[in-house]
Each structure stands twice: as C-alpha cells, then as structure tokens.
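Data block for upload_20.txt (compact mmCIF, C-alpha atoms and all ligand atoms):
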# COMPACT_ATOMS: atom_id res chain seq x y z
CA MET A 1 -60.94 -126.85 -78.14
CA ASN A 2 -58.34 -125.25 -75.91
CA LYS A 3 -58.28 -126.06 -72.27
CA VAL A 4 -60.27 -123.51 -70.24
CA ILE A 5 -57.92 -121.41 -68.14
CA THR A 6 -59.20 -121.47 -64.59
CA GLU A 7 -58.51 -119.06 -61.82
CA LYS A 8 -56.91 -119.67 -58.46
CA LYS A 9 -59.27 -119.30 -55.53
CA GLU A 10 -57.46 -116.46 -53.82
CA CYS A 11 -57.67 -112.87 -54.99
CA PRO A 12 -55.58 -111.92 -58.02
CA ASP A 13 -52.75 -109.44 -57.69
CA ILE A 14 -53.88 -107.15 -60.47
CA SER A 15 -57.33 -106.35 -61.79
CA ILE A 16 -57.37 -104.84 -65.22
CA ILE A 17 -60.55 -102.86 -65.66
CA VAL A 18 -61.81 -102.04 -69.09
CA SER A 19 -65.06 -100.38 -70.04
CA MET A 20 -66.13 -100.80 -73.64
CA TYR A 21 -68.81 -99.52 -75.90
CA ASN A 22 -69.10 -100.97 -79.41
CA GLU A 23 -65.55 -102.21 -79.55
CA GLU A 24 -65.74 -105.60 -81.24
CA GLU A 25 -62.91 -104.68 -83.62
CA SER A 26 -60.61 -103.66 -80.79
CA LEU A 27 -61.15 -106.72 -78.57
CA PRO A 28 -58.83 -109.31 -80.16
CA SER A 29 -55.80 -107.02 -80.27
CA PHE A 30 -56.55 -105.83 -76.75
CA PHE A 31 -56.63 -109.29 -75.19
CA LYS A 32 -53.53 -110.26 -77.12
CA ALA A 33 -51.61 -107.20 -75.92
CA ILE A 34 -52.68 -107.72 -72.31
CA ALA A 35 -51.68 -111.39 -72.41
CA GLU A 36 -48.26 -110.43 -73.77
CA THR A 37 -47.68 -107.83 -71.11
CA MET A 38 -48.90 -109.98 -68.26
CA ALA A 39 -46.65 -112.81 -69.45
CA GLN A 40 -43.76 -110.51 -68.57
CA LEU A 41 -45.23 -110.13 -65.10
CA ALA A 42 -45.49 -113.87 -64.64
CA SER A 43 -45.27 -113.75 -60.86
CA TYR A 44 -48.43 -111.64 -60.70
CA SER A 45 -51.85 -113.22 -61.10
CA TYR A 46 -54.47 -111.12 -62.78
CA GLU A 47 -58.07 -110.81 -63.87
CA ILE A 48 -59.62 -108.66 -66.60
CA VAL A 49 -62.89 -107.09 -65.56
CA CYS A 50 -64.70 -106.14 -68.76
CA ILE A 51 -67.69 -103.87 -68.59
CA ASP A 52 -69.88 -103.98 -71.64
CA ASP A 53 -71.38 -100.51 -71.51
CA GLY A 54 -74.51 -101.31 -73.51
CA SER A 55 -72.79 -102.11 -76.80
CA THR A 56 -75.09 -102.60 -79.75
CA ASP A 57 -72.61 -104.48 -81.91
CA GLY A 58 -71.09 -107.92 -81.32
CA THR A 59 -68.91 -106.83 -78.39
CA TYR A 60 -70.77 -108.84 -75.78
CA ASP A 61 -70.93 -112.07 -77.79
CA LEU A 62 -67.25 -111.88 -78.52
CA LEU A 63 -66.50 -111.17 -74.86
CA GLU A 64 -68.49 -114.23 -73.88
CA GLN A 65 -66.37 -116.38 -76.16
CA TYR A 66 -63.19 -115.09 -74.56
CA ALA A 67 -64.61 -115.50 -71.07
CA ALA A 68 -65.60 -119.10 -71.78
CA GLU A 69 -61.99 -119.95 -72.51
CA ASP A 70 -60.41 -117.95 -69.75
CA ARG A 71 -62.07 -117.61 -66.37
CA ARG A 72 -59.87 -114.67 -65.52
CA ILE A 73 -61.90 -112.66 -67.98
CA LYS A 74 -64.99 -111.39 -66.15
CA ILE A 75 -67.90 -109.61 -67.76
CA LEU A 76 -70.39 -107.17 -66.36
CA LYS A 77 -72.98 -106.38 -68.98
CA PHE A 78 -74.81 -103.10 -68.43
CA SER A 79 -78.48 -102.91 -69.36
CA ARG A 80 -77.77 -99.89 -71.57
CA ASN A 81 -75.04 -97.35 -72.29
CA PHE A 82 -74.27 -95.56 -69.03
CA GLY A 83 -70.89 -94.04 -69.88
CA LYS A 84 -67.29 -94.96 -69.26
CA GLU A 85 -67.10 -93.45 -65.75
CA TYR A 86 -69.89 -95.72 -64.58
CA GLY A 87 -68.21 -98.67 -66.26
CA LEU A 88 -65.08 -97.95 -64.26
CA MET A 89 -67.08 -97.52 -61.05
CA ALA A 90 -68.62 -100.96 -61.58
CA GLY A 91 -65.15 -102.33 -62.30
CA PHE A 92 -63.78 -100.92 -59.06
CA LYS A 93 -66.66 -102.38 -57.12
CA TYR A 94 -66.42 -105.88 -58.54
CA CYS A 95 -62.67 -106.27 -58.98
CA LYS A 96 -60.79 -108.40 -56.47
CA GLY A 97 -57.16 -107.51 -57.14
CA ARG A 98 -54.66 -106.01 -54.70
CA ALA A 99 -54.34 -103.28 -57.31
CA ALA A 100 -56.52 -102.15 -60.20
CA VAL A 101 -55.55 -100.79 -63.58
CA PRO A 102 -58.28 -99.00 -65.55
CA ILE A 103 -57.36 -99.02 -69.23
CA ASP A 104 -59.00 -98.23 -72.58
CA VAL A 105 -59.71 -101.09 -74.93
CA ASP A 106 -58.44 -99.23 -78.01
CA LEU A 107 -54.75 -99.61 -77.02
CA GLN A 108 -54.21 -95.85 -76.91
CA ASP A 109 -52.72 -96.56 -73.52
CA PRO A 110 -49.86 -98.99 -74.15
CA PRO A 111 -50.30 -102.07 -71.92
CA GLU A 112 -46.50 -102.46 -71.54
CA LEU A 113 -46.66 -99.50 -69.19
CA ILE A 114 -48.32 -101.75 -66.60
CA ILE A 115 -44.88 -103.28 -65.97
CA GLU A 116 -43.59 -99.86 -65.03
CA PHE A 117 -46.68 -99.16 -62.92
CA VAL A 118 -46.12 -102.37 -60.98
CA LYS A 119 -42.47 -101.48 -60.37
CA LYS A 120 -43.46 -98.17 -58.80
CA TRP A 121 -46.25 -99.87 -56.88
CA GLU A 122 -43.70 -102.27 -55.37
CA GLU A 123 -41.68 -99.22 -54.34
CA GLY A 124 -44.63 -98.21 -52.21
CA PHE A 125 -46.65 -95.81 -54.35
CA GLU A 126 -50.38 -96.34 -53.96
CA MET A 127 -51.29 -94.56 -57.15
CA VAL A 128 -49.11 -94.62 -60.24
CA TYR A 129 -50.58 -92.60 -63.07
CA GLY A 130 -49.56 -92.41 -66.70
CA ILE A 131 -48.62 -88.97 -68.01
CA ARG A 132 -49.02 -88.37 -71.72
CA ASN A 133 -45.85 -86.51 -72.49
CA ASP A 134 -46.56 -86.38 -76.18
CA ARG A 135 -50.05 -85.61 -77.33
CA SER A 136 -49.16 -85.20 -80.98
CA SER A 137 -51.77 -87.86 -81.76
CA ASP A 138 -54.42 -85.34 -80.61
CA SER A 139 -55.46 -82.36 -82.71
CA PHE A 140 -54.17 -78.87 -81.90
CA MET A 141 -57.62 -77.76 -80.75
CA LYS A 142 -57.95 -80.74 -78.42
CA ARG A 143 -54.55 -80.07 -76.88
CA LEU A 144 -55.31 -76.37 -76.43
CA THR A 145 -58.70 -76.94 -74.82
CA ALA A 146 -57.25 -79.67 -72.62
CA ALA A 147 -54.46 -77.35 -71.42
CA LEU A 148 -56.99 -74.63 -70.68
CA PHE A 149 -59.15 -77.04 -68.75
CA TYR A 150 -56.30 -78.22 -66.50
CA LYS A 151 -55.34 -74.60 -65.78
CA ILE A 152 -58.87 -73.58 -64.80
CA TYR A 153 -59.59 -76.76 -62.89
CA ASN A 154 -56.42 -76.69 -60.83
CA PHE A 155 -56.89 -73.01 -60.09
CA MET A 156 -60.27 -73.77 -58.58
CA THR A 157 -59.81 -76.90 -56.49
CA ARG A 158 -57.86 -77.99 -53.47
CA SER A 159 -56.99 -81.37 -54.94
CA PRO A 160 -55.32 -80.53 -58.23
CA ILE A 161 -55.04 -83.13 -60.95
CA PRO A 162 -51.68 -83.80 -62.59
CA TYR A 163 -51.32 -82.21 -65.99
CA ASN A 164 -51.94 -84.59 -68.89
CA ALA A 165 -52.69 -87.61 -66.72
CA GLY A 166 -55.62 -89.69 -67.88
CA ASP A 167 -57.56 -92.50 -66.30
CA TYR A 168 -54.81 -94.94 -67.18
CA ARG A 169 -53.03 -95.75 -63.93
CA LEU A 170 -52.46 -98.35 -61.26
CA ILE A 171 -54.30 -97.85 -58.01
CA ASP A 172 -53.78 -99.80 -54.85
CA ARG A 173 -56.60 -101.69 -53.12
CA ARG A 174 -56.82 -98.97 -50.45
CA VAL A 175 -57.62 -96.38 -53.09
CA VAL A 176 -59.98 -98.75 -54.89
CA ASN A 177 -61.90 -99.23 -51.66
CA ALA A 178 -62.08 -95.49 -51.07
CA ILE A 179 -63.44 -94.88 -54.56
CA SER A 180 -65.94 -97.75 -54.34
CA GLU A 181 -67.46 -96.15 -51.29
CA LEU A 182 -68.39 -92.96 -53.11
CA GLN A 183 -72.10 -92.58 -53.70
CA GLU A 184 -72.08 -89.71 -56.16
CA ARG A 185 -73.67 -89.81 -59.58
CA ASN A 186 -71.80 -86.92 -61.16
CA ILE A 187 -68.55 -88.72 -61.60
CA PHE A 188 -65.42 -87.02 -62.82
CA MET A 189 -62.90 -89.80 -62.55
CA LYS A 190 -59.70 -87.75 -62.73
CA GLY A 191 -61.03 -85.42 -60.07
CA ILE A 192 -61.91 -88.37 -57.86
CA PHE A 193 -58.44 -89.86 -58.28
CA GLY A 194 -56.95 -86.51 -57.30
CA TRP A 195 -59.33 -86.18 -54.38
CA THR A 196 -58.25 -89.49 -52.80
CA GLY A 197 -54.70 -88.30 -52.22
CA PHE A 198 -52.39 -91.17 -51.15
CA LYS A 199 -48.79 -91.56 -52.19
CA SER A 200 -48.71 -90.97 -55.93
CA CYS A 201 -46.26 -90.68 -58.74
CA GLY A 202 -46.39 -90.38 -62.51
CA VAL A 203 -44.84 -92.36 -65.32
CA LYS A 204 -44.43 -90.74 -68.72
CA TYR A 205 -45.64 -92.37 -71.88
CA VAL A 206 -46.59 -91.55 -75.43
CA ARG A 207 -50.29 -91.79 -76.10
CA GLN A 208 -50.89 -93.78 -79.25
CA LYS A 209 -53.39 -93.16 -81.99
CA ARG A 210 -56.50 -95.27 -81.78
CA LYS A 211 -55.71 -98.56 -83.55
CA THR A 212 -59.23 -99.67 -84.49
CA GLY A 213 -62.77 -98.37 -84.22
CA ILE A 214 -63.66 -94.71 -83.66
CA SER A 215 -63.50 -92.35 -80.70
CA LYS A 216 -66.85 -91.51 -79.17
CA TRP A 217 -65.83 -88.01 -78.18
CA ASN A 218 -66.69 -84.71 -79.80
CA TYR A 219 -66.29 -81.12 -78.63
CA TRP A 220 -69.79 -80.79 -77.25
CA LYS A 221 -69.24 -83.92 -75.16
CA LEU A 222 -65.86 -82.64 -74.04
CA TRP A 223 -67.37 -79.29 -73.02
CA ASN A 224 -69.98 -81.07 -70.93
CA PHE A 225 -67.27 -83.30 -69.53
CA ALA A 226 -65.35 -80.20 -68.44
CA LEU A 227 -68.48 -78.73 -66.83
CA ASP A 228 -69.09 -82.00 -65.01
CA GLY A 229 -65.52 -82.01 -63.85
CA ILE A 230 -65.62 -78.52 -62.44
CA THR A 231 -69.08 -78.65 -60.87
CA ALA A 232 -68.34 -82.05 -59.34
CA SER A 233 -65.20 -80.79 -57.64
CA THR A 234 -65.61 -77.17 -56.63
CA THR A 235 -68.25 -74.62 -55.66
CA LEU A 236 -66.03 -71.69 -56.58
CA PRO A 237 -68.16 -70.72 -59.61
CA LEU A 238 -71.07 -70.24 -57.21
CA ARG A 239 -69.13 -68.27 -54.66
CA ILE A 240 -67.21 -65.76 -56.76
CA TRP A 241 -70.39 -63.82 -57.47
CA THR A 242 -70.61 -62.71 -53.87
CA TYR A 243 -67.34 -60.87 -54.36
CA PHE A 244 -68.19 -59.64 -57.81
CA GLY A 245 -71.55 -58.35 -56.53
CA SER A 246 -69.94 -56.71 -53.50
CA LEU A 247 -67.39 -54.95 -55.67
CA LEU A 248 -70.10 -53.75 -58.03
CA SER A 249 -72.29 -52.49 -55.17
CA PHE A 250 -69.33 -50.65 -53.70
CA LEU A 251 -68.60 -48.99 -57.04
CA GLY A 252 -72.33 -48.15 -57.30
CA VAL A 253 -72.27 -46.38 -53.95
CA LEU A 254 -69.16 -44.42 -54.92
CA TYR A 255 -70.81 -43.41 -58.16
CA ALA A 256 -73.97 -42.34 -56.31
CA PHE A 257 -71.92 -40.05 -54.07
CA TYR A 258 -70.19 -38.65 -57.11
CA ILE A 259 -73.52 -37.85 -58.80
CA ILE A 260 -75.00 -36.31 -55.64
CA ILE A 261 -72.02 -34.03 -55.17
CA ARG A 262 -71.83 -33.17 -58.84
CA THR A 263 -75.56 -32.33 -58.90
CA MET A 264 -75.15 -30.09 -55.83
CA ILE A 265 -72.34 -28.20 -57.51
CA TYR A 266 -73.42 -28.11 -61.17
CA GLY A 267 -77.19 -28.69 -60.90
CA VAL A 268 -79.38 -31.36 -62.57
CA ASP A 269 -78.10 -32.92 -65.73
CA VAL A 270 -79.89 -35.72 -67.71
CA PRO A 271 -77.62 -37.16 -70.45
CA GLY A 272 -76.16 -40.61 -70.01
CA TYR A 273 -78.80 -42.64 -71.81
CA ALA A 274 -76.27 -44.69 -73.75
CA SER A 275 -74.10 -45.54 -70.77
CA LEU A 276 -77.23 -46.45 -68.78
CA LEU A 277 -78.33 -48.89 -71.44
CA VAL A 278 -74.89 -50.46 -71.64
CA PHE A 279 -74.88 -50.99 -67.88
CA ILE A 280 -78.35 -52.50 -67.85
CA LEU A 281 -77.52 -54.90 -70.66
CA LEU A 282 -74.20 -55.84 -69.12
CA LEU A 283 -75.65 -56.46 -65.67
CA GLY A 284 -78.62 -58.33 -67.16
CA GLY A 285 -76.19 -60.56 -69.00
CA VAL A 286 -74.08 -61.17 -65.91
CA GLN A 287 -77.17 -62.07 -63.91
CA MET A 288 -78.26 -64.56 -66.51
CA ILE A 289 -74.84 -66.17 -66.48
CA ILE A 290 -75.10 -66.47 -62.71
CA LEU A 291 -78.53 -68.05 -63.06
CA GLY A 292 -77.05 -70.46 -65.59
CA ILE A 293 -74.29 -71.43 -63.17
CA LEU A 294 -76.86 -71.90 -60.42
CA GLY A 295 -78.76 -74.09 -62.85
CA GLU A 296 -75.71 -76.25 -63.52
CA TYR A 297 -75.43 -76.99 -59.83
CA ILE A 298 -79.14 -77.33 -59.09
CA GLY A 299 -79.53 -79.76 -62.00
CA ARG A 300 -76.79 -81.87 -60.52
CA ILE A 301 -78.25 -81.67 -57.02
CA PHE A 302 -81.50 -82.91 -58.54
CA ILE A 303 -79.72 -85.92 -60.06
CA GLU A 304 -77.93 -86.65 -56.78
CA VAL A 305 -80.98 -86.48 -54.50
CA LYS A 306 -82.88 -88.99 -56.59
CA ARG A 307 -80.30 -91.53 -55.48
CA ARG A 308 -80.77 -93.81 -58.42
CA PRO A 309 -78.24 -96.61 -58.78
CA LEU A 310 -75.19 -95.64 -60.84
CA TYR A 311 -75.74 -98.42 -63.36
CA LEU A 312 -77.79 -101.56 -63.90
CA ILE A 313 -76.14 -104.88 -64.56
CA GLU A 314 -78.01 -107.18 -66.88
CA LYS A 315 -75.64 -110.12 -66.86
CA ARG A 316 -72.44 -111.26 -65.19
CA VAL A 317 -69.99 -113.84 -66.44
CA ASN A 318 -67.25 -115.41 -64.27
CA VAL A 319 -68.25 -113.09 -61.44
CA ASP A 320 -69.42 -114.82 -58.25
CA ASP A 321 -72.97 -114.20 -57.16
CA ASP A 322 -71.95 -113.32 -53.61
CA ASP A 323 -70.18 -110.18 -54.85
N1 LIG A 401 -66.40 -96.11 -73.59
C1 LIG A 401 -67.38 -96.62 -72.77
N2 LIG A 401 -68.63 -96.05 -72.79
C2 LIG A 401 -68.93 -94.99 -73.59
C3 LIG A 401 -67.90 -94.45 -74.39
C4 LIG A 401 -66.65 -95.03 -74.38
O1 LIG A 401 -67.16 -97.58 -72.04
O2 LIG A 401 -70.07 -94.54 -73.56
C5 LIG A 401 -65.05 -96.73 -73.57
C6 LIG A 401 -64.47 -97.07 -74.93
O3 LIG A 401 -64.95 -98.30 -75.39
C7 LIG A 401 -63.00 -97.08 -74.66
C8 LIG A 401 -62.85 -95.98 -73.60
O4 LIG A 401 -64.14 -95.81 -73.03
O5 LIG A 401 -62.56 -98.29 -74.07
C9 LIG A 401 -62.34 -94.68 -74.20
O6 LIG A 401 -63.20 -94.25 -75.24
P1 LIG A 401 -62.69 -93.47 -76.52
O7 LIG A 401 -61.51 -94.18 -77.10
O8 LIG A 401 -63.87 -93.30 -77.40
O9 LIG A 401 -62.25 -92.09 -75.90
P2 LIG A 401 -60.86 -91.27 -76.18
O10 LIG A 401 -59.75 -92.24 -76.12
O11 LIG A 401 -61.04 -90.69 -77.54
O12 LIG A 401 -60.83 -90.25 -75.08
MG MG A 402 -59.50 -93.87 -77.14

Kindly present the structure from the file in structure tokens form.
Ligand code: UDP
Ligand code: MG
Amino acid sequence: MNKVITEKKECPDISIIVSMYNEEESLPSFFKAIAETMAQLASYSYEIVCIDDGSTDGTYDLLEQYAAEDRRIKILKFSRNFGKEYGLMAGFKYCKGRAAVPIDVDLQDPPELIIEFVKKWEEGFEMVYGIRNDRSSDSFMKRLTAALFYKIYNFMTRSPIPYNAGDYRLIDRRVVNAISELQERNIFMKGIFGWTGFKSCGVKYVRQKRKTGISKWNYWKLWNFALDGITASTTLPLRIWTYFGSLLSFLGVLYAFYIIIRTMIYGVDVPGYASLLVFILLLGGVQMIILGILGEYIGRIFIEVKRRPLYLIEKRVNVDDDD
C-alpha cells in the first residue's frame, strides 16, 4: 500500500471545498485534476474539504478510501441531501486555509484556473471569481434565462453580482470568516459573495461540459433558485406595490372627478359593464400576485425563525473534533 500522505500541523494555504451528491463517477478524475494543478502550486499547502451531501451511491465509500491515503482530504458526511449551498456553508465553516476555493466535482470549472486565482490573490485581491465568457456548453434557453435573471437581480439590489460569475472562485480568509458568521437559512451563494464586498476581480474562463455523471438541475429548480436569490437579497418586490397602489388610487380619484363632472353635465349614464369587469378581473389578479409575493417572503420568514441548524453532519473524516 502507498504511504499515507500526512498533513503539516499548521493551517494549509488553500482549502478546496467541494460539495457532492451522487458523484462516484466524477471523483477519480476530480482528485487527479486537483493533484495535477496543485503540483504546479508546489509552494502552497492545501486541503480538500469534501462534503458528501447525502449521496445514495458509492460516493462516501470511495471518498473514505481517498481520505485514508491522504490526510489532506477531509470529509463531512451530511445526514441527508441538504443542497449544494449548505455543503459550501459547511465547507467554509470547517476549512482551515488562508483562502478557500469552492469548486464543482464534475470538472466543469477547470482546476487549472486556481493557479490564476492564486496569482491575483497574491496581488492583493480578496475575492477572485471565475467569469464564464463562453457558455456555449449551456443550452440557448439556459443562457437566455440566466441573462434575464442577472438583469433583474442587479436592477433590484445594492450589491450587484458580476455577470456570468458562478460559485467557482478564490476567497480570502477574511471573506470566509464573514460568510461563516451568517446565520441565514435561505442561502443564495452568489448573492452572499456579492454582499460581502471586499477587493474583487474576475478571471475569464470557458465553462466545460460535464465530463461524467448528470446535472441535477432542471428549469423548475432553476426558477425556485432564482426566487430564492431575489427574495434572499432584496425586499423590492414587496415595496413596489405601495407605488403601484398609490398610482392606481390617484388615477381612480381622477376618474371619479371625471365621472362626477360628466354626470353633472350630461346626466346619468349606465353603460360600461365590460370595462368594469375587465378592471375587476385585472385588479383581482394583481392582488393575488401581491399575496403570492407576500407568501414567498412569509414562507421564508417562517423557515428563518425556526432557527434550525443549516445541516446535520453524520460523520467526519480527517477533521479534528475540536472544530
Ligand atoms: N451538488 C450537491 N448537492 C445537490 C446537488 C448538487 O452537493 O443537492 C453538487 C454536485 O455534486 C456538483 C455541484 O453541486 O459538485 C454542481 O452540481 P451540478 O453539476 O449538478 O450543477 P450544474 O453544474 O449543472 O449547475
Ligand atoms: Mg455541473
């Protein structure tokens, strides 16, 4: 058997954080690619914090084998599938590095980019994010909806997110600490990254097609993801109705005056049934939409006030108990 690779006592320079859900096929190529990249950054020590997000295939067993041979590979095994954002949150909390790099296990984010990230980090940037400058690996619909989402999101918030930047980035310890302190359950990672501020810059890259396994996203999930993103970052959808309602009331008053004056001049006149019905239906619809928006927020407030833990860890490997 190979010699077990041990870890130096002091904190590593870079923590690679990877959340995975049913990814046994992707693991070998992932570890290989990371090892190759980190070999080019030989002066930097590193750890790989793997979060097994409740996989039901052989992901965990395989991870354990890797971790037994290399102590720099840490495992946090969730008690069930909580979702990638929670995996990353756990990674940020347990990682020890001076910088952290959240990355996908499917190699859609090329690991070589870490070298570039580190270069920028050394120049003093506290957050270096990857920008996908070519999304031809995504379908037209996905690109269109993504573009629309960025437009709407950035219009509504005070901490805009860079166009086409994903979770793949390098973040300095200061930012990691800031994120670890957050207590919220409705996590929209990109929004949180944007919210932290700090000195940031982007590095362009081409997002690859998934090498192995399948993506766990579909349009319904993406839609909910977008809703989470917006409701977690801005209350504008709640507030605009004050203005819409005010405008409508104002127009209503004007119209009332118009009818009063017209009646005084021309006498009583009853037609208008059709327009009345249209208005009632339209306003009824608008009110229901507003109720729905209220519901989106109230549902999330409900989740937040319960203050449940973000995730439950069933098992840890190569992670000290005092953490
Ligand atoms: N993932 C996860 N929990 C989930 C779904 C996905 O940890 O519930 C991980 C997955 O294993 C991968 C990353 O999140 O490492 C990105 O997932 P995926 O490739 O399915 O998303 P896409 O790249 O299509 O956005
Ligand atoms: Mg992927």

* Neighbourhood of ligand MG 402 (chain A) at 7 Å, counting only C-alpha atoms and all ligand atoms, reported as a count of residues only -> 5

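Pairwise distance (CA of Leu310 in chain A, CA of Asn177 in chain A) equals 16.5 Å.
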
* Report as an NGL selection string which protein, DNA and RNA residues come within 7 Å of ligand LIG 401 (chain A), using all atoms listed in the file. => :A and (18-23 or 52-53 or 81-84 or 87 or 104-106 or 108 or 210 or 214-217)

* Asked: Using all atoms listed in the file, which residue out of A:Glu181, A:Asp228, A:Asp70, A:Glu126 lies closest to Phe198 in chain A?
  -> A:Glu126

Using all atoms listed in the file, I'd like a table of the residues in range 83-168 of chain A that come within 8 Å of range 27-45 of chain A; for each, show the closest atom pair and its distance in Å rounded to one decimal, ordered by chain and ascending number, as a tab-separated table.
residue	atom	partner	partner_atom	distance
A:Val105	CA	A:Phe30	CA	6.0
A:Asp106	CA	A:Phe30	CA	7.0
A:Leu107	CA	A:Phe30	CA	6.5
A:Pro111	CA	A:Ile34	CA	6.1
A:Glu112	CA	A:Thr37	CA	5.5
A:Ile114	CA	A:Thr37	CA	7.6
A:Ile115	CA	A:Leu41	CA	6.9

* To do: In the coordinates of the file, take the point (-68.1, -92.6, -63.6) and a cut-off of 12 Å; then, counting all atoms listed in the file, name each qualifying protein, DNA or RNA residue as number ranges by chain.
  => A: 19, 53, 82-93, 102, 167, 179-180, 182-193, 225, 228-229, 232, 309-311

* Using only C-alpha atoms, find the one residue out of A:Val101, A:Ala274, A:Ile313, A:Ile51 that sits nearest to Ile16 in chain A. =>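 The shortest atom-to-atom distance to Ile16 in chain A comes from A:Val101.
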
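For the pair CA of Leu294 in chain A and CA of Leu238 in chain A, the separation is 6.8 Å.
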
* To do: Between A:Tyr297, A:Ser200, A:Gln287, A:Asn154, single out the one closest to Thr235 in chain A, counting all atoms listed in the file.
  =>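 Among the listed residues, A:Tyr297 lies closest to Thr235 in chain A.
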